[in-house]
$ cat data.txt   # compact mmCIF, N, CA and C atoms
# COMPACT_ATOMS: atom_id res chain seq x y z
N MET A 1 0.84 -1.17 0.00
CA MET A 1 0.00 0.00 0.00
C MET A 1 0.88 1.23 0.00
N HIS A 2 0.47 2.23 -0.74
CA HIS A 2 1.18 3.50 -0.79
C HIS A 2 0.42 4.52 0.02
N ARG A 3 1.13 5.39 0.66
CA ARG A 3 0.49 6.53 1.28
C ARG A 3 1.50 7.64 1.40
N GLY A 4 1.06 8.84 1.12
CA GLY A 4 1.92 9.99 1.24
C GLY A 4 1.77 10.61 2.61
N VAL A 5 2.71 11.44 2.98
CA VAL A 5 2.63 12.14 4.25
C VAL A 5 2.64 13.62 3.94
N SER A 6 1.66 14.34 4.46
CA SER A 6 1.59 15.76 4.18
C SER A 6 1.68 16.55 5.46
N PRO A 7 2.10 17.82 5.35
CA PRO A 7 2.11 18.67 6.53
C PRO A 7 0.69 18.93 6.99
N ALA A 8 0.57 19.45 8.19
CA ALA A 8 -0.76 19.74 8.75
C ALA A 8 -1.51 20.68 7.81
N SER A 9 -2.79 20.40 7.64
CA SER A 9 -3.64 21.19 6.76
C SER A 9 -4.44 22.17 7.59
N PRO A 10 -5.05 23.18 6.92
CA PRO A 10 -5.86 24.14 7.66
C PRO A 10 -7.01 23.45 8.39
N SER A 11 -7.47 24.06 9.46
CA SER A 11 -8.53 23.44 10.26
C SER A 11 -9.84 23.41 9.49
N VAL A 12 -10.65 22.43 9.82
CA VAL A 12 -11.94 22.23 9.18
C VAL A 12 -12.89 23.33 9.64
N GLY A 13 -13.66 23.84 8.69
CA GLY A 13 -14.67 24.82 9.02
C GLY A 13 -14.14 26.22 9.23
N LYS A 14 -12.86 26.43 9.07
CA LYS A 14 -12.29 27.76 9.23
C LYS A 14 -12.79 28.65 8.10
N MET A 15 -13.20 29.84 8.43
CA MET A 15 -13.77 30.73 7.43
C MET A 15 -12.76 31.80 7.07
N ALA A 16 -12.54 31.99 5.79
CA ALA A 16 -11.58 32.99 5.31
C ALA A 16 -12.16 34.39 5.37
N ALA A 17 -13.44 34.51 5.19
CA ALA A 17 -14.11 35.81 5.21
C ALA A 17 -15.51 35.59 5.76
N PRO A 18 -16.17 36.64 6.24
CA PRO A 18 -17.49 36.47 6.83
C PRO A 18 -18.50 35.79 5.91
N THR A 19 -18.36 35.92 4.59
CA THR A 19 -19.32 35.31 3.67
C THR A 19 -18.86 33.96 3.15
N ALA A 20 -17.68 33.50 3.56
CA ALA A 20 -17.15 32.24 3.06
C ALA A 20 -17.91 31.06 3.66
N GLU A 21 -18.06 29.99 2.87
CA GLU A 21 -18.70 28.77 3.32
C GLU A 21 -17.68 27.93 4.07
N PRO A 22 -18.10 27.10 5.04
CA PRO A 22 -17.16 26.20 5.70
C PRO A 22 -16.66 25.17 4.70
N GLN A 23 -15.48 24.64 4.97
CA GLN A 23 -14.92 23.62 4.09
C GLN A 23 -15.66 22.31 4.30
N PHE A 24 -16.04 21.66 3.19
CA PHE A 24 -16.66 20.36 3.27
C PHE A 24 -15.59 19.32 3.00
N LEU A 25 -15.53 18.33 3.86
CA LEU A 25 -14.56 17.27 3.70
C LEU A 25 -15.13 16.18 2.81
N VAL A 26 -14.29 15.68 1.93
CA VAL A 26 -14.67 14.65 0.97
C VAL A 26 -13.60 13.58 0.98
N GLN A 27 -14.03 12.32 0.94
CA GLN A 27 -13.08 11.24 0.75
C GLN A 27 -13.23 10.76 -0.69
N TYR A 28 -12.16 10.92 -1.47
CA TYR A 28 -12.16 10.48 -2.86
C TYR A 28 -11.68 9.04 -2.94
N LEU A 29 -12.36 8.26 -3.79
CA LEU A 29 -11.96 6.90 -4.10
C LEU A 29 -11.82 6.79 -5.61
N VAL A 30 -10.80 6.11 -6.05
CA VAL A 30 -10.59 5.90 -7.49
C VAL A 30 -10.48 4.39 -7.71
N LEU A 31 -11.47 3.86 -8.40
CA LEU A 31 -11.60 2.42 -8.61
C LEU A 31 -11.31 2.09 -10.07
N ARG A 32 -10.64 0.98 -10.29
CA ARG A 32 -10.34 0.56 -11.66
C ARG A 32 -11.59 0.09 -12.39
N LYS A 33 -11.89 0.76 -13.50
CA LYS A 33 -13.07 0.41 -14.31
C LYS A 33 -12.88 -0.91 -15.06
N ASP A 34 -11.66 -1.19 -15.49
CA ASP A 34 -11.42 -2.39 -16.30
C ASP A 34 -11.67 -3.68 -15.55
N LEU A 35 -11.70 -3.64 -14.22
CA LEU A 35 -11.96 -4.86 -13.47
C LEU A 35 -13.39 -5.37 -13.67
N ALA A 36 -14.29 -4.48 -14.07
CA ALA A 36 -15.68 -4.87 -14.32
C ALA A 36 -15.88 -5.41 -15.74
N GLN A 37 -14.85 -5.29 -16.57
CA GLN A 37 -14.97 -5.68 -17.97
C GLN A 37 -14.13 -6.93 -18.26
N ALA A 38 -14.39 -7.57 -19.38
CA ALA A 38 -13.59 -8.72 -19.82
C ALA A 38 -12.16 -8.23 -20.04
N PRO A 39 -11.15 -8.95 -19.70
CA PRO A 39 -11.17 -10.36 -19.29
C PRO A 39 -11.39 -10.58 -17.79
N PHE A 40 -11.43 -9.51 -16.99
CA PHE A 40 -11.57 -9.67 -15.54
C PHE A 40 -13.01 -10.02 -15.16
N SER A 41 -13.96 -9.18 -15.56
CA SER A 41 -15.39 -9.38 -15.31
C SER A 41 -15.72 -9.62 -13.83
N TRP A 42 -15.14 -8.79 -12.96
CA TRP A 42 -15.44 -8.91 -11.53
C TRP A 42 -16.88 -8.49 -11.30
N PRO A 43 -17.59 -9.16 -10.40
CA PRO A 43 -18.95 -8.74 -10.08
C PRO A 43 -18.96 -7.42 -9.31
N VAL A 44 -20.09 -6.74 -9.34
CA VAL A 44 -20.22 -5.44 -8.68
C VAL A 44 -19.86 -5.54 -7.20
N GLY A 45 -20.30 -6.59 -6.55
CA GLY A 45 -20.00 -6.76 -5.12
C GLY A 45 -18.51 -6.79 -4.82
N ALA A 46 -17.75 -7.45 -5.68
CA ALA A 46 -16.30 -7.52 -5.49
C ALA A 46 -15.67 -6.13 -5.65
N LEU A 47 -16.18 -5.34 -6.59
CA LEU A 47 -15.66 -3.98 -6.79
C LEU A 47 -16.01 -3.08 -5.61
N VAL A 48 -17.24 -3.21 -5.13
CA VAL A 48 -17.65 -2.42 -3.96
C VAL A 48 -16.76 -2.79 -2.77
N ALA A 49 -16.47 -4.06 -2.61
CA ALA A 49 -15.60 -4.50 -1.51
C ALA A 49 -14.21 -3.87 -1.61
N GLN A 50 -13.68 -3.75 -2.82
CA GLN A 50 -12.36 -3.13 -2.99
C GLN A 50 -12.38 -1.67 -2.56
N ALA A 51 -13.43 -0.95 -2.93
CA ALA A 51 -13.56 0.45 -2.53
C ALA A 51 -13.71 0.55 -1.01
N CYS A 52 -14.49 -0.36 -0.42
CA CYS A 52 -14.66 -0.36 1.04
C CYS A 52 -13.34 -0.64 1.75
N HIS A 53 -12.59 -1.61 1.25
CA HIS A 53 -11.28 -1.91 1.85
C HIS A 53 -10.37 -0.69 1.81
N ALA A 54 -10.29 -0.05 0.65
CA ALA A 54 -9.40 1.10 0.49
C ALA A 54 -9.84 2.25 1.38
N ALA A 55 -11.15 2.53 1.41
CA ALA A 55 -11.66 3.63 2.24
C ALA A 55 -11.38 3.39 3.71
N THR A 56 -11.64 2.17 4.17
CA THR A 56 -11.41 1.83 5.57
C THR A 56 -9.93 1.94 5.91
N ALA A 57 -9.07 1.44 5.04
CA ALA A 57 -7.63 1.50 5.29
C ALA A 57 -7.15 2.95 5.36
N ALA A 58 -7.61 3.79 4.45
CA ALA A 58 -7.18 5.20 4.45
C ALA A 58 -7.65 5.90 5.73
N LEU A 59 -8.87 5.65 6.14
CA LEU A 59 -9.37 6.26 7.37
C LEU A 59 -8.59 5.77 8.58
N HIS A 60 -8.27 4.48 8.61
CA HIS A 60 -7.52 3.93 9.73
C HIS A 60 -6.09 4.48 9.78
N LEU A 61 -5.42 4.48 8.64
CA LEU A 61 -4.03 4.93 8.60
C LEU A 61 -3.89 6.42 8.94
N HIS A 62 -4.93 7.19 8.66
CA HIS A 62 -4.88 8.64 8.89
C HIS A 62 -5.86 9.06 9.98
N ARG A 63 -6.15 8.14 10.89
CA ARG A 63 -7.15 8.39 11.93
C ARG A 63 -6.78 9.54 12.87
N ASP A 64 -5.50 9.86 12.99
CA ASP A 64 -5.07 10.94 13.88
C ASP A 64 -5.04 12.31 13.21
N HIS A 65 -5.30 12.35 11.91
CA HIS A 65 -5.32 13.64 11.21
C HIS A 65 -6.60 14.38 11.59
N PRO A 66 -6.53 15.70 11.82
CA PRO A 66 -7.73 16.45 12.20
C PRO A 66 -8.88 16.35 11.20
N HIS A 67 -8.56 16.27 9.91
CA HIS A 67 -9.63 16.15 8.91
C HIS A 67 -10.35 14.81 9.05
N THR A 68 -9.60 13.75 9.29
CA THR A 68 -10.21 12.43 9.45
C THR A 68 -11.10 12.42 10.69
N ALA A 69 -10.60 12.98 11.78
CA ALA A 69 -11.39 13.03 13.02
C ALA A 69 -12.68 13.81 12.80
N ALA A 70 -12.59 14.94 12.12
CA ALA A 70 -13.78 15.75 11.85
C ALA A 70 -14.76 15.00 10.94
N TYR A 71 -14.24 14.32 9.93
CA TYR A 71 -15.05 13.55 8.99
C TYR A 71 -15.82 12.44 9.72
N LEU A 72 -15.11 11.73 10.58
CA LEU A 72 -15.73 10.63 11.31
C LEU A 72 -16.65 11.14 12.42
N GLY A 73 -16.45 12.37 12.84
CA GLY A 73 -17.29 12.95 13.88
C GLY A 73 -18.68 13.29 13.40
N GLU A 74 -18.90 13.31 12.10
CA GLU A 74 -20.22 13.61 11.53
C GLU A 74 -20.63 12.49 10.59
N LEU A 75 -20.84 11.31 11.16
CA LEU A 75 -21.12 10.12 10.34
C LEU A 75 -22.28 10.31 9.37
N GLY A 76 -23.31 11.02 9.78
CA GLY A 76 -24.47 11.21 8.91
C GLY A 76 -24.24 12.19 7.77
N ARG A 77 -23.09 12.86 7.77
CA ARG A 77 -22.82 13.86 6.73
C ARG A 77 -21.59 13.51 5.89
N MET A 78 -21.17 12.27 5.94
CA MET A 78 -19.99 11.87 5.16
C MET A 78 -20.23 12.09 3.68
N ARG A 79 -19.19 12.54 2.99
CA ARG A 79 -19.24 12.70 1.53
C ARG A 79 -18.11 11.87 0.94
N LYS A 80 -18.47 11.02 0.00
CA LYS A 80 -17.47 10.26 -0.75
C LYS A 80 -17.73 10.52 -2.22
N VAL A 81 -16.66 10.62 -2.98
CA VAL A 81 -16.75 10.75 -4.42
C VAL A 81 -15.99 9.57 -5.00
N VAL A 82 -16.68 8.76 -5.79
CA VAL A 82 -16.05 7.59 -6.41
C VAL A 82 -15.81 7.91 -7.88
N LEU A 83 -14.55 7.80 -8.27
CA LEU A 83 -14.14 8.04 -9.65
C LEU A 83 -13.60 6.74 -10.24
N GLU A 84 -13.55 6.69 -11.56
CA GLU A 84 -13.07 5.49 -12.25
C GLU A 84 -11.76 5.78 -12.97
N ALA A 85 -10.80 4.91 -12.77
CA ALA A 85 -9.57 4.92 -13.56
C ALA A 85 -9.74 3.84 -14.63
N PRO A 86 -9.32 4.12 -15.86
CA PRO A 86 -9.55 3.13 -16.91
C PRO A 86 -8.80 1.81 -16.73
N ASP A 87 -7.62 1.85 -16.06
CA ASP A 87 -6.82 0.64 -15.95
C ASP A 87 -5.79 0.76 -14.82
N GLU A 88 -5.04 -0.31 -14.63
CA GLU A 88 -4.05 -0.35 -13.54
C GLU A 88 -2.94 0.67 -13.75
N ASN A 89 -2.50 0.87 -14.99
CA ASN A 89 -1.44 1.84 -15.23
C ASN A 89 -1.84 3.24 -14.77
N THR A 90 -3.06 3.64 -15.06
CA THR A 90 -3.54 4.95 -14.64
C THR A 90 -3.59 5.03 -13.11
N LEU A 91 -4.05 3.95 -12.47
CA LEU A 91 -4.12 3.93 -11.02
C LEU A 91 -2.72 4.05 -10.41
N GLN A 92 -1.75 3.34 -10.98
CA GLN A 92 -0.37 3.40 -10.49
C GLN A 92 0.23 4.79 -10.71
N GLU A 93 -0.03 5.39 -11.87
CA GLU A 93 0.46 6.75 -12.14
C GLU A 93 -0.13 7.75 -11.15
N LEU A 94 -1.41 7.60 -10.86
CA LEU A 94 -2.06 8.47 -9.89
C LEU A 94 -1.43 8.29 -8.51
N ALA A 95 -1.21 7.06 -8.10
CA ALA A 95 -0.59 6.80 -6.79
C ALA A 95 0.79 7.47 -6.71
N LYS A 96 1.55 7.37 -7.78
CA LYS A 96 2.88 7.99 -7.80
C LYS A 96 2.77 9.52 -7.68
N THR A 97 1.85 10.11 -8.42
CA THR A 97 1.66 11.56 -8.37
C THR A 97 1.19 12.00 -6.99
N LEU A 98 0.26 11.26 -6.41
CA LEU A 98 -0.22 11.61 -5.07
C LEU A 98 0.92 11.56 -4.05
N GLN A 99 1.77 10.56 -4.18
CA GLN A 99 2.91 10.44 -3.27
C GLN A 99 3.87 11.62 -3.47
N GLU A 100 4.15 11.97 -4.73
CA GLU A 100 5.05 13.10 -5.03
C GLU A 100 4.49 14.41 -4.49
N LYS A 101 3.16 14.56 -4.51
CA LYS A 101 2.50 15.79 -4.06
C LYS A 101 2.16 15.75 -2.57
N SER A 102 2.58 14.70 -1.88
CA SER A 102 2.31 14.52 -0.44
C SER A 102 0.83 14.53 -0.11
N VAL A 103 0.04 13.88 -0.96
CA VAL A 103 -1.39 13.73 -0.71
C VAL A 103 -1.58 12.38 -0.03
N ASP A 104 -2.12 12.40 1.19
CA ASP A 104 -2.31 11.18 1.96
C ASP A 104 -3.32 10.27 1.27
N HIS A 105 -2.93 9.03 1.06
CA HIS A 105 -3.79 8.08 0.37
C HIS A 105 -3.35 6.66 0.67
N THR A 106 -4.19 5.72 0.25
CA THR A 106 -3.87 4.30 0.32
C THR A 106 -4.16 3.69 -1.04
N LEU A 107 -3.21 2.95 -1.54
CA LEU A 107 -3.42 2.15 -2.75
C LEU A 107 -3.72 0.74 -2.28
N TRP A 108 -4.97 0.30 -2.49
CA TRP A 108 -5.36 -1.02 -2.02
C TRP A 108 -4.90 -2.08 -3.00
N LEU A 109 -4.22 -3.09 -2.45
CA LEU A 109 -3.73 -4.23 -3.24
C LEU A 109 -4.49 -5.47 -2.80
N GLU A 110 -5.28 -6.04 -3.70
CA GLU A 110 -6.03 -7.25 -3.39
C GLU A 110 -5.06 -8.42 -3.30
N GLN A 111 -5.22 -9.19 -2.23
CA GLN A 111 -4.34 -10.32 -1.96
C GLN A 111 -5.12 -11.62 -2.12
N PRO A 112 -4.51 -12.70 -2.49
CA PRO A 112 -3.06 -12.89 -2.61
C PRO A 112 -2.50 -12.53 -3.98
N GLU A 113 -3.35 -12.04 -4.87
CA GLU A 113 -2.91 -11.76 -6.24
C GLU A 113 -2.03 -10.53 -6.36
N ASN A 114 -2.08 -9.65 -5.34
CA ASN A 114 -1.30 -8.40 -5.34
C ASN A 114 -1.72 -7.48 -6.49
N ILE A 115 -3.04 -7.38 -6.70
CA ILE A 115 -3.59 -6.56 -7.78
C ILE A 115 -4.01 -5.20 -7.21
N ALA A 116 -3.49 -4.12 -7.81
CA ALA A 116 -3.91 -2.77 -7.42
C ALA A 116 -5.33 -2.56 -7.91
N THR A 117 -6.25 -2.26 -6.98
CA THR A 117 -7.65 -2.15 -7.36
C THR A 117 -8.26 -0.77 -7.13
N CYS A 118 -7.82 -0.07 -6.08
CA CYS A 118 -8.49 1.17 -5.70
C CYS A 118 -7.54 2.06 -4.91
N ILE A 119 -7.68 3.35 -5.08
CA ILE A 119 -6.98 4.34 -4.27
C ILE A 119 -8.04 5.07 -3.46
N ALA A 120 -7.75 5.25 -2.18
CA ALA A 120 -8.61 6.07 -1.31
C ALA A 120 -7.74 7.14 -0.67
N LEU A 121 -8.19 8.38 -0.79
CA LEU A 121 -7.54 9.48 -0.10
C LEU A 121 -8.14 9.58 1.30
N ARG A 122 -7.39 10.13 2.23
CA ARG A 122 -8.00 10.47 3.51
C ARG A 122 -8.96 11.63 3.23
N PRO A 123 -9.85 11.95 4.12
CA PRO A 123 -10.74 13.09 3.88
C PRO A 123 -9.95 14.39 3.72
N TYR A 124 -10.32 15.14 2.70
CA TYR A 124 -9.70 16.43 2.38
C TYR A 124 -10.79 17.45 2.09
N PRO A 125 -10.52 18.73 2.34
CA PRO A 125 -11.41 19.74 1.77
C PRO A 125 -11.37 19.57 0.25
N LYS A 126 -12.52 19.57 -0.37
CA LYS A 126 -12.63 19.29 -1.81
C LYS A 126 -11.67 20.13 -2.64
N GLU A 127 -11.54 21.39 -2.30
CA GLU A 127 -10.71 22.31 -3.08
C GLU A 127 -9.23 21.93 -3.07
N GLU A 128 -8.79 21.21 -2.06
CA GLU A 128 -7.37 20.87 -1.95
C GLU A 128 -6.92 19.81 -2.94
N VAL A 129 -7.82 18.93 -3.38
CA VAL A 129 -7.39 17.82 -4.22
C VAL A 129 -8.16 17.68 -5.54
N SER A 130 -9.29 18.37 -5.69
CA SER A 130 -10.11 18.15 -6.88
C SER A 130 -9.39 18.51 -8.18
N GLN A 131 -8.62 19.58 -8.19
CA GLN A 131 -7.91 19.98 -9.42
C GLN A 131 -6.86 18.95 -9.81
N LEU A 132 -6.15 18.42 -8.83
CA LEU A 132 -5.14 17.39 -9.11
C LEU A 132 -5.80 16.16 -9.72
N LEU A 133 -6.93 15.74 -9.18
CA LEU A 133 -7.62 14.57 -9.71
C LEU A 133 -8.19 14.82 -11.10
N LYS A 134 -8.63 16.05 -11.38
CA LYS A 134 -9.18 16.37 -12.70
C LYS A 134 -8.12 16.21 -13.79
N LYS A 135 -6.86 16.44 -13.46
CA LYS A 135 -5.79 16.30 -14.45
C LYS A 135 -5.67 14.86 -14.96
N PHE A 136 -6.16 13.91 -14.19
CA PHE A 136 -6.07 12.51 -14.60
C PHE A 136 -7.27 12.07 -15.42
N ARG A 137 -8.22 12.95 -15.63
CA ARG A 137 -9.41 12.65 -16.44
C ARG A 137 -10.10 11.37 -15.98
N LEU A 138 -10.36 11.31 -14.70
CA LEU A 138 -11.06 10.18 -14.13
C LEU A 138 -12.55 10.40 -14.32
N PHE A 139 -13.29 9.32 -14.43
CA PHE A 139 -14.72 9.40 -14.72
C PHE A 139 -15.53 9.12 -13.49
N ARG A 140 -16.73 9.72 -13.43
CA ARG A 140 -17.67 9.44 -12.34
C ARG A 140 -18.60 8.36 -12.74
$ encode --input "data.txt" --output "structure tokens"
Amino acid sequence: MHRGVSPASPSVGKMAAPTAEPQFLVQYLVLRKDLAQAPFSWPVGALVAQACHAATAALHLHRDHPHTAAYLGELGRMRKVVLEAPDENTLQELAKTLQEKSVDHTLWLEQPENIATCIALRPYPKEEVSQLLKKFRLFR
């Protein structure tokens, strides 16, 4: 599993100006689309399990980060965005870029096959990571 280490981020809900909206925390997941297609043809349940594994691992590994604590503190208001990477190469390139940019994440490797299936970021304010993810042209 890969994960980057980033410096402390601004506090959740901090307002820059009196009219500014509070920051909403989002956990991004990037799942391989090709696993649902031939020759893999994984069932939907198996793909959902991969996303769940990655999300849980990222939350656990970054449980002491203030954003993760705030995200878990409002269970009824969790926001997740699931994106699709076309293949394993794209997922690996994204993991490398996230590591280079010190974006905290987990690359989930399904065992025992050691197949990269999903990346989960720890919860971030949407504005901090959305532009980086858009550069990879991931699909919703």
$ closest_residue --input "data.txt" --among "A:Pro123, A:Asn89, A:Lys134, A:Pro112" --to "Thr68 in chain A" --atoms "all atoms listed in the file"
A:Pro123
$ residues_near_point --input "data.txt" --point "(-15.0, 17.7, 4.3)" --cutoff "7 Å" --atoms "only N, CA and C atoms" --output "number ranges by chain"
A: 23-27, 71, 79, 123-126
$ write_last_selection --input "data.txt" --atoms "N, CA and C atoms" --output "compact mmCIF listing (two decimals), in the frame of the given file"
# COMPACT_ATOMS: atom_id res chain seq x y z
N GLN A 23 -15.48 24.64 4.97
CA GLN A 23 -14.92 23.62 4.09
C GLN A 23 -15.66 22.31 4.30
N PHE A 24 -16.04 21.66 3.19
CA PHE A 24 -16.66 20.36 3.27
C PHE A 24 -15.59 19.32 3.00
N LEU A 25 -15.53 18.33 3.86
CA LEU A 25 -14.56 17.27 3.70
C LEU A 25 -15.13 16.18 2.81
N VAL A 26 -14.29 15.68 1.93
CA VAL A 26 -14.67 14.65 0.97
C VAL A 26 -13.60 13.58 0.98
N GLN A 27 -14.03 12.32 0.94
CA GLN A 27 -13.08 11.24 0.75
C GLN A 27 -13.23 10.76 -0.69
N TYR A 71 -14.24 14.32 9.93
CA TYR A 71 -15.05 13.55 8.99
C TYR A 71 -15.82 12.44 9.72
N ARG A 79 -19.19 12.54 2.99
CA ARG A 79 -19.24 12.70 1.53
C ARG A 79 -18.11 11.87 0.94
N PRO A 123 -9.85 11.95 4.12
CA PRO A 123 -10.74 13.09 3.88
C PRO A 123 -9.95 14.39 3.72
N TYR A 124 -10.32 15.14 2.70
CA TYR A 124 -9.70 16.43 2.38
C TYR A 124 -10.79 17.45 2.09
N PRO A 125 -10.52 18.73 2.34
CA PRO A 125 -11.41 19.74 1.77
C PRO A 125 -11.37 19.57 0.25
N LYS A 126 -12.52 19.57 -0.37
CA LYS A 126 -12.63 19.29 -1.81
C LYS A 126 -11.67 20.13 -2.64
$ select_by_dssp --input "data.txt" --residues "chain A" --states "strand (DSSP E or B)" --output "PDB file with N, CA and C atoms, in the frame of the given file"
ATOM      1  N   LEU A  25     -15.530  18.330   3.860  1.00  0.00           N
ATOM      2  CA  LEU A  25     -14.560  17.270   3.700  1.00  0.00           C
ATOM      3  C   LEU A  25     -15.130  16.180   2.810  1.00  0.00           C
ATOM      4  N   VAL A  26     -14.290  15.680   1.930  1.00  0.00           N
ATOM      5  CA  VAL A  26     -14.670  14.650   0.970  1.00  0.00           C
ATOM      6  C   VAL A  26     -13.600  13.580   0.980  1.00  0.00           C
ATOM      7  N   GLN A  27     -14.030  12.320   0.940  1.00  0.00           N
ATOM      8  CA  GLN A  27     -13.080  11.240   0.750  1.00  0.00           C
ATOM      9  C   GLN A  27     -13.230  10.760  -0.690  1.00  0.00           C
ATOM     10  N   TYR A  28     -12.160  10.920  -1.470  1.00  0.00           N
ATOM     11  CA  TYR A  28     -12.160  10.480  -2.860  1.00  0.00           C
ATOM     12  C   TYR A  28     -11.680   9.040  -2.940  1.00  0.00           C
ATOM     13  N   LEU A  29     -12.360   8.260  -3.790  1.00  0.00           N
ATOM     14  CA  LEU A  29     -11.960   6.900  -4.100  1.00  0.00           C
ATOM     15  C   LEU A  29     -11.820   6.790  -5.610  1.00  0.00           C
ATOM     16  N   VAL A  30     -10.800   6.110  -6.050  1.00  0.00           N
ATOM     17  CA  VAL A  30     -10.590   5.900  -7.490  1.00  0.00           C
ATOM     18  C   VAL A  30     -10.480   4.390  -7.710  1.00  0.00           C
ATOM     19  N   LEU A  31     -11.470   3.860  -8.400  1.00  0.00           N
ATOM     20  CA  LEU A  31     -11.600   2.420  -8.610  1.00  0.00           C
ATOM     21  C   LEU A  31     -11.310   2.090 -10.070  1.00  0.00           C
ATOM     22  N   ARG A  32     -10.640   0.980 -10.290  1.00  0.00           N
ATOM     23  CA  ARG A  32     -10.340   0.560 -11.660  1.00  0.00           C
ATOM     24  C   ARG A  32     -11.590   0.090 -12.390  1.00  0.00           C
ATOM     25  N   LYS A  80     -18.470  11.020   0.000  1.00  0.00           N
ATOM     26  CA  LYS A  80     -17.470  10.260  -0.750  1.00  0.00           C
ATOM     27  C   LYS A  80     -17.730  10.520  -2.220  1.00  0.00           C
ATOM     28  N   VAL A  81     -16.660  10.620  -2.980  1.00  0.00           N
ATOM     29  CA  VAL A  81     -16.750  10.750  -4.420  1.00  0.00           C
ATOM     30  C   VAL A  81     -15.990   9.570  -5.000  1.00  0.00           C
ATOM     31  N   VAL A  82     -16.680   8.760  -5.790  1.00  0.00           N
ATOM     32  CA  VAL A  82     -16.050   7.590  -6.410  1.00  0.00           C
ATOM     33  C   VAL A  82     -15.810   7.910  -7.880  1.00  0.00           C
ATOM     34  N   LEU A  83     -14.550   7.800  -8.270  1.00  0.00           N
ATOM     35  CA  LEU A  83     -14.140   8.040  -9.650  1.00  0.00           C
ATOM     36  C   LEU A  83     -13.600   6.740 -10.240  1.00  0.00           C
ATOM     37  N   GLU A  84     -13.550   6.690 -11.560  1.00  0.00           N
ATOM     38  CA  GLU A  84     -13.070   5.490 -12.250  1.00  0.00           C
ATOM     39  C   GLU A  84     -11.760   5.780 -12.970  1.00  0.00           C
ATOM     40  N   ALA A  85     -10.800   4.910 -12.770  1.00  0.00           N
ATOM     41  CA  ALA A  85      -9.570   4.920 -13.560  1.00  0.00           C
ATOM     42  C   ALA A  85      -9.740   3.840 -14.630  1.00  0.00           C
ATOM     43  N   HIS A 105      -2.930   9.030   1.060  1.00  0.00           N
ATOM     44  CA  HIS A 105      -3.790   8.080   0.370  1.00  0.00           C
ATOM     45  C   HIS A 105      -3.350   6.660   0.670  1.00  0.00           C
ATOM     46  N   THR A 106      -4.190   5.720   0.250  1.00  0.00           N
ATOM     47  CA  THR A 106      -3.870   4.300   0.320  1.00  0.00           C
ATOM     48  C   THR A 106      -4.160   3.690  -1.040  1.00  0.00           C
ATOM     49  N   LEU A 107      -3.210   2.950  -1.540  1.00  0.00           N
ATOM     50  CA  LEU A 107      -3.420   2.150  -2.750  1.00  0.00           C
ATOM     51  C   LEU A 107      -3.720   0.740  -2.280  1.00  0.00           C
ATOM     52  N   TRP A 108      -4.970   0.300  -2.490  1.00  0.00           N
ATOM     53  CA  TRP A 108      -5.360  -1.020  -2.020  1.00  0.00           C
ATOM     54  C   TRP A 108      -4.900  -2.080  -3.000  1.00  0.00           C
ATOM     55  N   LEU A 109      -4.220  -3.090  -2.450  1.00  0.00           N
ATOM     56  CA  LEU A 109      -3.730  -4.230  -3.240  1.00  0.00           C
ATOM     57  C   LEU A 109      -4.490  -5.470  -2.800  1.00  0.00           C
ATOM     58  N   GLU A 110      -5.280  -6.040  -3.700  1.00  0.00           N
ATOM     59  CA  GLU A 110      -6.030  -7.250  -3.390  1.00  0.00           C
ATOM     60  C   GLU A 110      -5.060  -8.420  -3.300  1.00  0.00           C
ATOM     61  N   ILE A 115      -3.040  -7.380  -6.700  1.00  0.00           N
ATOM     62  CA  ILE A 115      -3.590  -6.560  -7.780  1.00  0.00           C
ATOM     63  C   ILE A 115      -4.010  -5.200  -7.210  1.00  0.00           C
ATOM     64  N   ALA A 116      -3.490  -4.120  -7.810  1.00  0.00           N
ATOM     65  CA  ALA A 116      -3.910  -2.770  -7.420  1.00  0.00           C
ATOM     66  C   ALA A 116      -5.330  -2.560  -7.910  1.00  0.00           C
ATOM     67  N   THR A 117      -6.250  -2.260  -6.980  1.00  0.00           N
ATOM     68  CA  THR A 117      -7.650  -2.150  -7.360  1.00  0.00           C
ATOM     69  C   THR A 117      -8.260  -0.770  -7.130  1.00  0.00           C
ATOM     70  N   CYS A 118      -7.820  -0.070  -6.080  1.00  0.00           N
ATOM     71  CA  CYS A 118      -8.490   1.170  -5.700  1.00  0.00           C
ATOM     72  C   CYS A 118      -7.540   2.060  -4.910  1.00  0.00           C
ATOM     73  N   ILE A 119      -7.680   3.350  -5.080  1.00  0.00           N
ATOM     74  CA  ILE A 119      -6.980   4.340  -4.270  1.00  0.00           C
ATOM     75  C   ILE A 119      -8.040   5.070  -3.460  1.00  0.00           C
ATOM     76  N   ALA A 120      -7.750   5.250  -2.180  1.00  0.00           N
ATOM     77  CA  ALA A 120      -8.610   6.070  -1.310  1.00  0.00           C
ATOM     78  C   ALA A 120      -7.740   7.140  -0.670  1.00  0.00           C
ATOM     79  N   LEU A 121      -8.190   8.380  -0.790  1.00  0.00           N
ATOM     80  CA  LEU A 121      -7.540   9.480  -0.100  1.00  0.00           C
ATOM     81  C   LEU A 121      -8.140   9.580   1.300  1.00  0.00           C
ATOM     82  N   TYR A 124     -10.320  15.140   2.700  1.00  0.00           N
ATOM     83  CA  TYR A 124      -9.700  16.430   2.380  1.00  0.00           C
ATOM     84  C   TYR A 124     -10.790  17.450   2.090  1.00  0.00           C
ATOM     85  N   PRO A 125     -10.520  18.730   2.340  1.00  0.00           N
ATOM     86  CA  PRO A 125     -11.410  19.740   1.770  1.00  0.00           C
ATOM     87  C   PRO A 125     -11.370  19.570   0.250  1.00  0.00           C
ATOM     88  N   PHE A 139     -13.290   9.320 -14.430  1.00  0.00           N
ATOM     89  CA  PHE A 139     -14.720   9.400 -14.720  1.00  0.00           C
ATOM     90  C   PHE A 139     -15.530   9.120 -13.490  1.00  0.00           C
TER      91      PHE A 139
END
$ atom_distance --input "data.txt" --atom1 "atom N of Glu74 in chain A" --atom2 "atom C of Ser130 in chain A"
23.0 Å
$ closest_residue --input "data.txt" --among "A:Arg137, A:Pro86, A:Val48, A:Ile119" --to "Val30 in chain A" --atoms "all atoms listed in the file"
A:Ile119
$ select_by_dssp --input "data.txt" --residues "range 65-133 of chain A" --states "helix (DSSP H, G or I)" --output "PyMOL selection string"
chain A and resi 66-73+75-77+88-100+126-133
